[in-house]
Every structure is written in C-alpha cells, then in structure tokens.
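Data file: data.cif. Format and content: mmCIF, C-alpha atoms.
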data_target
#
loop_
_atom_site.group_PDB
_atom_site.id
_atom_site.type_symbol
_atom_site.label_atom_id
_atom_site.label_comp_id
_atom_site.auth_asym_id
_atom_site.auth_seq_id
_atom_site.Cartn_x
_atom_site.Cartn_y
_atom_site.Cartn_z
ATOM 1 C CA MET A 18 109.013 117.260 71.338
ATOM 2 C CA THR A 19 107.639 114.361 73.399
ATOM 3 C CA SER A 20 104.667 112.683 71.734
ATOM 4 C CA PRO A 21 101.405 111.931 73.596
ATOM 5 C CA LYS A 22 102.072 108.218 73.106
ATOM 6 C CA THR A 23 105.447 108.523 74.816
ATOM 7 C CA LEU A 24 103.925 110.506 77.683
ATOM 8 C CA ALA A 25 101.260 107.859 78.223
ATOM 9 C CA ALA A 26 103.826 105.068 78.051
ATOM 10 C CA ARG A 27 105.729 106.596 80.948
ATOM 11 C CA ALA A 28 103.042 105.329 83.297
ATOM 12 C CA VAL A 29 103.674 101.736 82.236
ATOM 13 C CA SER A 30 105.756 99.953 84.866
ATOM 14 C CA PRO A 31 104.820 96.256 84.830
ATOM 15 C CA VAL A 32 107.226 95.275 87.603
ATOM 16 C CA HIS A 33 105.825 97.857 90.002
ATOM 17 C CA GLY A 34 102.274 97.010 88.963
ATOM 18 C CA ARG A 35 102.725 93.268 89.449
ATOM 19 C CA LEU A 36 104.396 93.750 92.819
ATOM 20 C CA ALA A 37 101.509 95.993 93.880
ATOM 21 C CA ILE A 38 98.911 93.440 92.793
ATOM 22 C CA PHE A 39 100.852 90.628 94.490
ATOM 23 C CA GLY A 40 101.005 92.521 97.781
ATOM 24 C CA MET A 41 97.309 93.298 97.634
ATOM 25 C CA ALA A 42 96.446 89.677 96.793
ATOM 26 C CA VAL A 43 98.471 88.390 99.747
ATOM 27 C CA ALA A 44 96.743 90.879 102.061
ATOM 28 C CA VAL A 45 93.305 89.800 100.826
ATOM 29 C CA ALA A 46 94.186 86.102 101.220
ATOM 30 C CA ILE A 47 95.351 86.640 104.802
ATOM 31 C CA SER A 48 92.256 88.712 105.575
ATOM 32 C CA ILE A 49 89.981 85.941 104.326
ATOM 33 C CA ASP A 50 91.937 83.386 106.357
ATOM 34 C CA LEU A 51 91.596 85.469 109.528
ATOM 35 C CA HIS A 52 87.867 85.903 109.003
ATOM 36 C CA LEU A 53 87.305 82.193 108.474
ATOM 37 C CA ARG A 54 89.541 80.863 111.238
ATOM 38 C CA LEU A 55 88.569 83.409 113.877
ATOM 39 C CA SER A 56 84.880 83.761 113.054
ATOM 40 C CA SER A 57 83.903 82.546 116.527
ATOM 41 C CA GLN A 58 86.318 84.898 118.325
ATOM 42 C CA VAL A 59 86.142 88.213 116.453
ATOM 43 C CA SER A 60 82.838 89.656 115.246
ATOM 44 C CA PRO A 61 83.094 91.065 111.714
ATOM 45 C CA ILE A 62 80.108 93.264 112.555
ATOM 46 C CA TRP A 63 81.190 94.882 115.812
ATOM 47 C CA GLN A 64 84.951 94.380 116.112
ATOM 48 C CA THR A 65 87.658 95.986 113.984
ATOM 49 C CA LEU A 66 90.258 94.217 111.890
ATOM 50 C CA SER A 67 92.964 95.272 114.344
ATOM 51 C CA GLU A 68 91.362 93.137 117.058
ATOM 52 C CA TYR A 69 92.387 89.973 115.233
ATOM 53 C CA VAL A 70 95.753 90.332 117.003
ATOM 54 C CA TYR A 71 94.054 89.046 120.156
ATOM 55 C CA GLY A 72 92.505 86.005 118.490
ATOM 56 C CA TYR A 73 93.988 82.530 118.904
ATOM 57 C CA LEU A 74 94.669 80.271 115.935
ATOM 58 C CA SER A 75 95.557 77.445 118.345
ATOM 59 C CA PRO A 76 96.284 77.194 122.084
ATOM 60 C CA GLY A 77 99.210 79.497 122.800
ATOM 61 C CA SER A 78 99.375 80.853 119.231
ATOM 62 C CA THR A 79 97.873 84.280 118.592
ATOM 63 C CA ALA A 80 96.917 85.705 115.215
ATOM 64 C CA ALA A 81 99.071 88.811 115.769
ATOM 65 C CA PRO A 82 101.868 87.717 113.368
ATOM 66 C CA LEU A 83 99.322 86.929 110.673
ATOM 67 C CA PHE A 84 97.620 90.310 111.064
ATOM 68 C CA GLY A 85 101.031 91.977 110.922
ATOM 69 C CA ALA A 86 101.854 90.070 107.732
ATOM 70 C CA MET A 87 98.595 91.301 106.176
ATOM 71 C CA CYS A 88 99.447 94.944 106.908
ATOM 72 C CA LEU A 89 103.025 94.527 105.694
ATOM 73 C CA ALA A 90 101.911 92.862 102.455
ATOM 74 C CA LEU A 91 99.492 95.697 101.721
ATOM 75 C CA GLY A 92 102.116 98.239 102.747
ATOM 76 C CA PHE A 93 104.785 96.853 100.435
ATOM 77 C CA GLY A 94 102.250 96.490 97.623
ATOM 78 C CA SER A 95 101.306 100.138 98.075
ATOM 79 C CA LEU A 96 104.989 101.055 98.134
ATOM 80 C CA ALA A 97 105.331 99.398 94.732
ATOM 81 C CA LEU A 98 102.437 101.550 93.479
ATOM 82 C CA LEU A 99 104.224 104.614 94.843
ATOM 83 C CA GLY A 100 107.384 103.600 92.978
ATOM 84 C CA GLY A 101 105.427 103.090 89.762
ATOM 85 C CA ILE A 102 103.842 106.524 89.986
ATOM 86 C CA ALA A 103 107.237 108.081 90.710
ATOM 87 C CA LYS A 104 108.674 106.317 87.650
ATOM 88 C CA ALA A 105 106.029 107.973 85.480
ATOM 89 C CA HIS A 106 108.046 111.210 85.895
ATOM 90 C CA ARG A 107 105.030 113.524 85.772
ATOM 91 C CA SER A 108 105.185 117.002 87.291
ATOM 92 C CA GLY A 109 102.761 117.711 90.106
ATOM 93 C CA TYR A 110 102.806 114.161 91.481
ATOM 94 C CA GLU A 111 105.024 115.073 94.451
ATOM 95 C CA SER A 112 102.051 115.536 96.792
ATOM 96 C CA VAL A 113 100.620 112.202 95.619
ATOM 97 C CA LEU A 114 103.873 110.469 96.539
ATOM 98 C CA VAL A 115 103.908 112.126 99.977
ATOM 99 C CA LEU A 116 100.316 111.066 100.691
ATOM 100 C CA LEU A 117 100.970 107.514 99.520
ATOM 101 C CA GLY A 118 104.047 107.528 101.732
ATOM 102 C CA VAL A 119 101.842 108.407 104.708
ATOM 103 C CA TRP A 120 99.484 105.546 103.759
ATOM 104 C CA CYS A 121 102.383 103.062 103.555
ATOM 105 C CA THR A 122 103.937 104.282 106.816
ATOM 106 C CA GLY A 123 100.597 103.982 108.566
ATOM 107 C CA LEU A 124 100.255 100.366 107.426
ATOM 108 C CA PHE A 125 103.739 99.536 108.690
ATOM 109 C CA VAL A 126 102.905 101.089 112.073
ATOM 110 C CA LEU A 127 99.668 99.070 112.250
ATOM 111 C CA ALA A 128 101.688 95.923 111.611
ATOM 112 C CA LEU A 129 104.097 96.635 114.458
ATOM 113 C CA VAL A 130 102.025 98.468 117.089
ATOM 114 C CA PRO A 131 98.929 96.632 118.381
ATOM 115 C CA VAL A 132 95.587 98.207 119.204
ATOM 116 C CA ASP A 133 94.467 98.287 122.841
ATOM 117 C CA PRO A 134 92.460 95.234 123.941
ATOM 118 C CA GLU A 135 88.728 95.863 124.105
ATOM 119 C CA GLY A 136 87.626 97.268 127.439
ATOM 120 C CA GLN A 137 91.106 98.221 128.650
ATOM 121 C CA ALA A 138 92.475 101.698 129.340
ATOM 122 C CA ARG A 139 94.049 103.593 126.454
ATOM 123 C CA SER A 140 97.822 103.132 126.232
ATOM 124 C CA LEU A 141 100.435 105.120 124.332
ATOM 125 C CA ALA A 142 100.915 102.225 121.905
ATOM 126 C CA GLY A 143 97.180 101.984 121.343
ATOM 127 C CA GLN A 144 96.948 105.715 120.653
ATOM 128 C CA ILE A 145 99.815 105.479 118.161
ATOM 129 C CA HIS A 146 97.979 102.624 116.437
ATOM 130 C CA ASN A 147 94.745 104.615 116.240
ATOM 131 C CA TYR A 148 96.359 107.800 114.926
ATOM 132 C CA ALA A 149 98.421 105.848 112.391
ATOM 133 C CA ALA A 150 95.239 104.182 111.134
ATOM 134 C CA LEU A 151 93.432 107.517 110.869
ATOM 135 C CA ALA A 152 96.338 109.147 109.011
ATOM 136 C CA ALA A 153 96.644 106.206 106.622
ATOM 137 C CA PHE A 154 92.959 105.933 105.782
ATOM 138 C CA LEU A 155 92.711 109.671 105.152
ATOM 139 C CA ALA A 156 95.927 109.828 103.103
ATOM 140 C CA LEU A 157 94.989 107.140 100.551
ATOM 141 C CA PRO A 158 91.775 108.720 99.179
ATOM 142 C CA ALA A 159 93.480 112.120 99.323
ATOM 143 C CA ALA A 160 96.347 110.771 97.197
ATOM 144 C CA ALA A 161 93.893 109.303 94.693
ATOM 145 C CA TRP A 162 91.961 112.578 94.514
ATOM 146 C CA VAL A 163 95.106 114.629 93.855
ATOM 147 C CA LEU A 164 96.331 112.068 91.321
ATOM 148 C CA THR A 165 93.264 112.735 89.174
ATOM 149 C CA ARG A 166 93.191 116.500 89.601
ATOM 150 C CA PRO A 167 91.664 118.199 86.516
ATOM 151 C CA GLY A 168 93.861 120.086 84.110
ATOM 152 C CA ARG A 169 96.685 117.600 83.770
ATOM 153 C CA ALA A 170 97.365 117.102 80.082
ATOM 154 C CA ARG A 171 97.480 113.484 78.957
ATOM 155 C CA CYS A 172 97.417 112.154 82.529
ATOM 156 C CA PRO A 173 97.680 108.317 82.390
ATOM 157 C CA TRP A 174 95.038 108.081 85.130
ATOM 158 C CA GLU A 175 92.585 110.393 83.336
ATOM 159 C CA PRO A 176 90.536 107.547 81.718
ATOM 160 C CA ARG A 177 89.743 106.267 85.227
ATOM 161 C CA ARG A 178 89.309 109.666 86.831
ATOM 162 C CA THR A 179 85.572 109.325 87.524
ATOM 163 C CA THR A 180 85.939 105.850 89.046
ATOM 164 C CA ILE A 181 88.902 106.858 91.192
ATOM 165 C CA ARG A 182 87.151 109.969 92.461
ATOM 166 C CA ARG A 183 83.947 108.105 93.307
ATOM 167 C CA LEU A 184 85.940 105.520 95.231
ATOM 168 C CA SER A 185 87.810 108.327 97.000
ATOM 169 C CA VAL A 186 84.531 109.901 98.122
ATOM 170 C CA ALA A 187 83.256 106.495 99.297
ATOM 171 C CA SER A 188 86.487 105.963 101.231
ATOM 172 C CA PHE A 189 86.261 109.380 102.907
ATOM 173 C CA ALA A 190 82.618 108.720 103.816
ATOM 174 C CA ALA A 191 83.467 105.355 105.389
ATOM 175 C CA VAL A 192 86.304 106.962 107.382
ATOM 176 C CA VAL A 193 83.886 109.583 108.732
ATOM 177 C CA VAL A 194 81.422 106.891 109.830
ATOM 178 C CA VAL A 195 84.126 104.774 111.496
ATOM 179 C CA LEU A 196 85.700 107.797 113.202
ATOM 180 C CA GLY A 197 82.291 108.981 114.386
ATOM 181 C CA GLY A 198 81.592 105.525 115.769
ATOM 182 C CA PHE A 199 84.872 105.508 117.693
ATOM 183 C CA VAL A 200 84.161 108.932 119.173
ATOM 184 C CA TRP A 201 80.648 107.882 120.167
ATOM 185 C CA THR A 202 81.950 104.711 121.827
ATOM 186 C CA MET A 203 84.617 106.680 123.722
ATOM 187 C CA LEU A 204 82.004 109.130 124.998
ATOM 188 C CA THR A 205 79.280 106.642 125.915
ATOM 189 C CA GLY A 206 81.194 103.418 126.593
ATOM 190 C CA PRO A 207 81.320 100.051 124.794
ATOM 191 C CA SER A 208 77.924 99.025 126.184
ATOM 192 C CA HIS A 209 76.297 101.811 124.153
ATOM 193 C CA GLN A 210 77.987 101.022 120.855
ATOM 194 C CA GLU A 211 75.372 101.634 118.180
ATOM 195 C CA VAL A 212 77.548 101.956 115.057
ATOM 196 C CA THR A 213 78.717 98.667 113.594
ATOM 197 C CA LEU A 214 82.393 99.678 113.500
ATOM 198 C CA GLY A 215 83.617 96.306 112.299
ATOM 199 C CA LEU A 216 81.245 96.215 109.354
ATOM 200 C CA PHE A 217 82.020 99.768 108.239
ATOM 201 C CA GLU A 218 85.775 99.249 108.664
ATOM 202 C CA ARG A 219 85.608 96.157 106.478
ATOM 203 C CA LEU A 220 83.627 98.149 103.931
ATOM 204 C CA LEU A 221 86.366 100.787 104.074
ATOM 205 C CA PHE A 222 88.991 98.077 103.589
ATOM 206 C CA ALA A 223 87.175 96.751 100.514
ATOM 207 C CA VAL A 224 86.743 100.238 99.014
ATOM 208 C CA ASP A 225 90.415 101.067 99.541
ATOM 209 C CA LEU A 226 91.536 97.807 97.953
ATOM 210 C CA THR A 227 89.372 98.565 94.926
ATOM 211 C CA LEU A 228 90.784 102.093 94.838
ATOM 212 C CA LEU A 229 94.355 100.787 94.935
ATOM 213 C CA ALA A 230 93.644 98.273 92.162
ATOM 214 C CA THR A 231 92.194 101.040 89.986
ATOM 215 C CA MET A 232 95.271 103.191 90.588
ATOM 216 C CA VAL A 233 97.583 100.287 89.712
ATOM 217 C CA ARG A 234 95.916 99.574 86.362
ATOM 218 C CA PRO A 235 97.860 102.193 84.270
ATOM 219 C CA LEU A 236 101.129 100.658 85.465
ATOM 220 C CA LEU A 237 100.143 97.400 83.740
ATOM 221 C CA SER A 238 98.835 98.870 80.480
ATOM 222 C CA HIS A 239 100.431 97.603 77.277
ATOM 223 C CA ARG A 240 102.686 99.955 75.416
#
Could you take the file, read its structure, and then write that structure out as structure tokens?
Amino acid sequence: MTSPKTLAARAVSPVHGRLAIFGMAVAVAISIDLHLRLSSQVSPIWQTLSEYVYGYLSPGSTAAPLFGAMCLALGFGSLALLGGIAKAHRSGYESVLVLLGVWCTGLFVLALVPVDPEGQARSLAGQIHNYAALAAFLALPAAAWVLTRPGRARCPWEPRRTTIRRLSVASFAAVVVVLGGFVWTMLTGPSHQEVTLGLFERLLFAVDLTLLATMVRPLLSHR
C-alpha cells in the first residue's frame, strides 16, 4: 500500500518547478523592461500589454519581438508546470492538464499573432489574438480551481487550497472587468473609454503570476 508520504512526494519535481520559475522570472523581467523603456509611448493605465508590439525601442526597431519573447517565456514556464503536475500521477488531474494546455496555447498565440492597432478596423488576426487571450485568461484560474477541488485525499496542493482559490476568484473578477471594458469600448468607441483597461489587465497579469507561483510551490518541496 502506498504511504501518504510517498503520495505527497509524487508532486515533487524540482526540474519542472525550476523551469517554471525561470520562465516566469524572464517574463516578469521583460515586462518591467517594456514598461520602463516604453513609458512615454504606451500608457500602463489605458493601453493593454499587447499594444507594446507597436512601441519603438529605437528608430526602426519595434518592441514586438520583445513582447513575443515575454509571452513565450511565460508559456514555456507554464508548460513546465503542466509537466510537473502530470508527473505527480494523480487521478482526476486530466481536466487540469487540458485547461493548462489551453492557457499555454493561448500564450503562444499571443506571442505570434499581434493585436489590432488602436483605432483601426478589426482584422482576423486581431480577433484571433483577442479570443486566444480570453481563452487563456479564463483557463488558468479554472485550472487552479479544479486542481484544488475538495475531496481529493492527500492532494499535494491542499495546504495552499485557500490561497489558490482566492487568487482564482480574483483572476476571474479581473477578467470580467477587462472583458466588460472591451465590450463597452466596442459599443461606444475609444473616445468614451471609461474603464482603465491597461491598469486592470496589469492587475490580472500580476494576480495570474502569483497564482502560477503558488501552483509551482509543491513541485519544489523537499522530500
């Protein structure tokens, strides 16, 4: 019979955990760099993170590759988290892996497909970007919520269940505000934008990073 200690140890996957933390750290570093270097071009209050692709780091050099690198770093870090959870070999985690897969795929799409420039007509690529972002930012808190579903005996994430669930609720709430702001802007036009989309999206980004870090923690626990 498998002991509780052995069951808990199955969540430990230092390689996956370190790769996840590394990817997240790179994404945060790039995000800070974009905010500092493009502070005069992109408003962190009114403009979304995706609009950094249209900023210029120097004449003739856009920030699009740097924004793409940020999304890819976070995507690969999240993929490492997915691998670590899969390695835990716990029944009932299949839906968690699917939802995390949607989150990772969404990040990869955001890295490759740019958002529409502000004020221009909606394009197919821009719509793909928007839907990928929506799917990703809904899938992550959903994955975290399912991961900490009650009734799982000796779940390695159980000690952090309350924290993870609170962060999931905060993430969902931020998504609702951002989505509502987008809908309002589409209906009334950019000149009537009353919801600070950029600020709330950055809040969402910070909440999701904290959520990911909390989910990674059991992968790094000592045996």
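Applied to the file shown here, the PyMOL selection byres ((chain A and resi 157) around 10) selects the residues Ser95, Val113, Leu116, Leu117, Gly118, Val119, Trp120, Cys121, Ala152, Ala153, Phe154, Leu155, Ala156, Pro158, Ala159, Ala160, Ala161, Trp162, Ser185, Ser188, Phe189, Asp225, Leu228 and Leu229 of chain A.
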Give me, as a ChimeraX atom specification, all polymer residues having an atom no more than 6 Å from Gly34 of chain A, counting all atoms listed in the file and skipping those fewer than 2 positions away in the same chain.
/A:31-32,36-37,233,236-237
Dump of C-alpha atoms for the selected residues, as an mmCIF file, in the frame of the given file:
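Okay, this is what ended up in part-v8.cif:
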data_model
loop_
_atom_site.group_PDB
_atom_site.id
_atom_site.type_symbol
_atom_site.label_atom_id
_atom_site.label_comp_id
_atom_site.auth_asym_id
_atom_site.auth_seq_id
_atom_site.Cartn_x
_atom_site.Cartn_y
_atom_site.Cartn_z
ATOM 1 C CA PRO A 31 104.820 96.256 84.830
ATOM 2 C CA VAL A 32 107.226 95.275 87.603
ATOM 3 C CA LEU A 36 104.396 93.750 92.819
ATOM 4 C CA ALA A 37 101.509 95.993 93.880
ATOM 5 C CA VAL A 233 97.583 100.287 89.712
ATOM 6 C CA LEU A 236 101.129 100.658 85.465
ATOM 7 C CA LEU A 237 100.143 97.400 83.740
#
Could you tell me how far atom CA of Ala42 of chain A sits from atom CA of Leu55 of chain A, in Å to one decimal place?
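Answer for the atom CA of Leu55 of chain A to atom CA of Ala42 of chain A separation: 19.8 Å.
Once the PyMOL selection byres ((chain A and resi 105-111) around 8) is applied to this file, the selection holds A:Arg27, A:Ala28, A:Val29, A:Gly101, A:Ile102, A:Ala103, A:Lys104, A:Ser112, A:Val113, A:Leu114, A:Val115, A:Leu164.
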So, counting all atoms listed in the file, which residue among A:Gly85, A:Pro173, A:Gly72, A:Gly92 is closest to Val130 of chain A?
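Under the stated criterion, the closest residue is A:Gly85.
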Long-range neighbours of Arg178 of chain A as a list of chain:residue names, 10 Å cut-off, all atoms listed in the file, 2 positions minimum in chain
A:Ala161, A:Trp162, A:Leu164, A:Thr165, A:Arg166, A:Pro167, A:Cys172, A:Pro173, A:Trp174, A:Glu175, A:Pro176, A:Thr180, A:Ile181, A:Arg182, A:Arg183, A:Leu184, A:Thr231, A:Met232
Store the residues picked out above in a file with C-alpha atoms, as an mmCIF file, in the frame of the given file.
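Generated output (out_20.cif):
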data_model
loop_
_atom_site.group_PDB
_atom_site.id
_atom_site.type_symbol
_atom_site.label_atom_id
_atom_site.label_comp_id
_atom_site.auth_asym_id
_atom_site.auth_seq_id
_atom_site.Cartn_x
_atom_site.Cartn_y
_atom_site.Cartn_z
ATOM 1 C CA ALA A 161 93.893 109.303 94.693
ATOM 2 C CA TRP A 162 91.961 112.578 94.514
ATOM 3 C CA LEU A 164 96.331 112.068 91.321
ATOM 4 C CA THR A 165 93.264 112.735 89.174
ATOM 5 C CA ARG A 166 93.191 116.500 89.601
ATOM 6 C CA PRO A 167 91.664 118.199 86.516
ATOM 7 C CA CYS A 172 97.417 112.154 82.529
ATOM 8 C CA PRO A 173 97.680 108.317 82.390
ATOM 9 C CA TRP A 174 95.038 108.081 85.130
ATOM 10 C CA GLU A 175 92.585 110.393 83.336
ATOM 11 C CA PRO A 176 90.536 107.547 81.718
ATOM 12 C CA THR A 180 85.939 105.850 89.046
ATOM 13 C CA ILE A 181 88.902 106.858 91.192
ATOM 14 C CA ARG A 182 87.151 109.969 92.461
ATOM 15 C CA ARG A 183 83.947 108.105 93.307
ATOM 16 C CA LEU A 184 85.940 105.520 95.231
ATOM 17 C CA THR A 231 92.194 101.040 89.986
ATOM 18 C CA MET A 232 95.271 103.191 90.588
#
When the PyMOL selection byres ((chain A and resi 54) around 10) is applied to the structure above, which residues does it catch, written out as a ChimeraX atom specification?
/A:49-53,55-59,72-75,80
Please, which residues are within 12 Å of (93.6, 89.0, 95.7) by the file's coordinates, counting only C-alpha atoms, and could they come as a PDB file with C-alpha atoms, keeping the file's coordinate frame?
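Saved as selection.pdb:
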ATOM      1  CA  ARG A  35     102.725  93.268  89.449  1.00  0.00           C
ATOM      2  CA  ALA A  37     101.509  95.993  93.880  1.00  0.00           C
ATOM      3  CA  ILE A  38      98.911  93.440  92.793  1.00  0.00           C
ATOM      4  CA  PHE A  39     100.852  90.628  94.490  1.00  0.00           C
ATOM      5  CA  GLY A  40     101.005  92.521  97.781  1.00  0.00           C
ATOM      6  CA  MET A  41      97.309  93.298  97.634  1.00  0.00           C
ATOM      7  CA  ALA A  42      96.446  89.677  96.793  1.00  0.00           C
ATOM      8  CA  VAL A  43      98.471  88.390  99.747  1.00  0.00           C
ATOM      9  CA  ALA A  44      96.743  90.879 102.061  1.00  0.00           C
ATOM     10  CA  VAL A  45      93.305  89.800 100.826  1.00  0.00           C
ATOM     11  CA  ALA A  46      94.186  86.102 101.220  1.00  0.00           C
ATOM     12  CA  ILE A  47      95.351  86.640 104.802  1.00  0.00           C
ATOM     13  CA  SER A  48      92.256  88.712 105.575  1.00  0.00           C
ATOM     14  CA  ILE A  49      89.981  85.941 104.326  1.00  0.00           C
ATOM     15  CA  MET A  87      98.595  91.301 106.176  1.00  0.00           C
ATOM     16  CA  ALA A  90     101.911  92.862 102.455  1.00  0.00           C
ATOM     17  CA  LEU A  91      99.492  95.697 101.721  1.00  0.00           C
ATOM     18  CA  GLY A  94     102.250  96.490  97.623  1.00  0.00           C
ATOM     19  CA  ALA A 223      87.175  96.751 100.514  1.00  0.00           C
ATOM     20  CA  LEU A 226      91.536  97.807  97.953  1.00  0.00           C
ATOM     21  CA  THR A 227      89.372  98.565  94.926  1.00  0.00           C
ATOM     22  CA  LEU A 229      94.355 100.787  94.935  1.00  0.00           C
ATOM     23  CA  ALA A 230      93.644  98.273  92.162  1.00  0.00           C
TER      24      ALA A 230
END
d(atom CA of Val163 of chain A, atom CA of Val195 of chain A) in Å
23.0 Å
Between atom CA of Val224 of chain A and atom CA of Val70 of chain A, measure the distance and give it in Å to one decimal.
22.4 Å
Long-range neighbours of Gln64 of chain A as a list of chain:residue names, 6 Å cut-off, all atoms listed in the file, 2 positions minimum in chain
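Listed by chain and then number, they are A:Ser60, A:Pro61, A:Gly215.
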Go ahead and dump the residues you just picked, C-alpha atoms, as an mmCIF file, keeping the file's coordinate frame.
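In the end it all went to selection_10.cif:
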data_model
loop_
_atom_site.group_PDB
_atom_site.id
_atom_site.type_symbol
_atom_site.label_atom_id
_atom_site.label_comp_id
_atom_site.auth_asym_id
_atom_site.auth_seq_id
_atom_site.Cartn_x
_atom_site.Cartn_y
_atom_site.Cartn_z
ATOM 1 C CA SER A 60 82.838 89.656 115.246
ATOM 2 C CA PRO A 61 83.094 91.065 111.714
ATOM 3 C CA GLY A 215 83.617 96.306 112.299
#
With all atoms listed in the file as the basis for distance, which of A:Thr213, A:Ser67, A:Ser30, A:Thr79 is at the shortest distance from Val132 of chain A?
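Among the listed residues, the smallest separation from Val132 of chain A belongs to A:Ser67.
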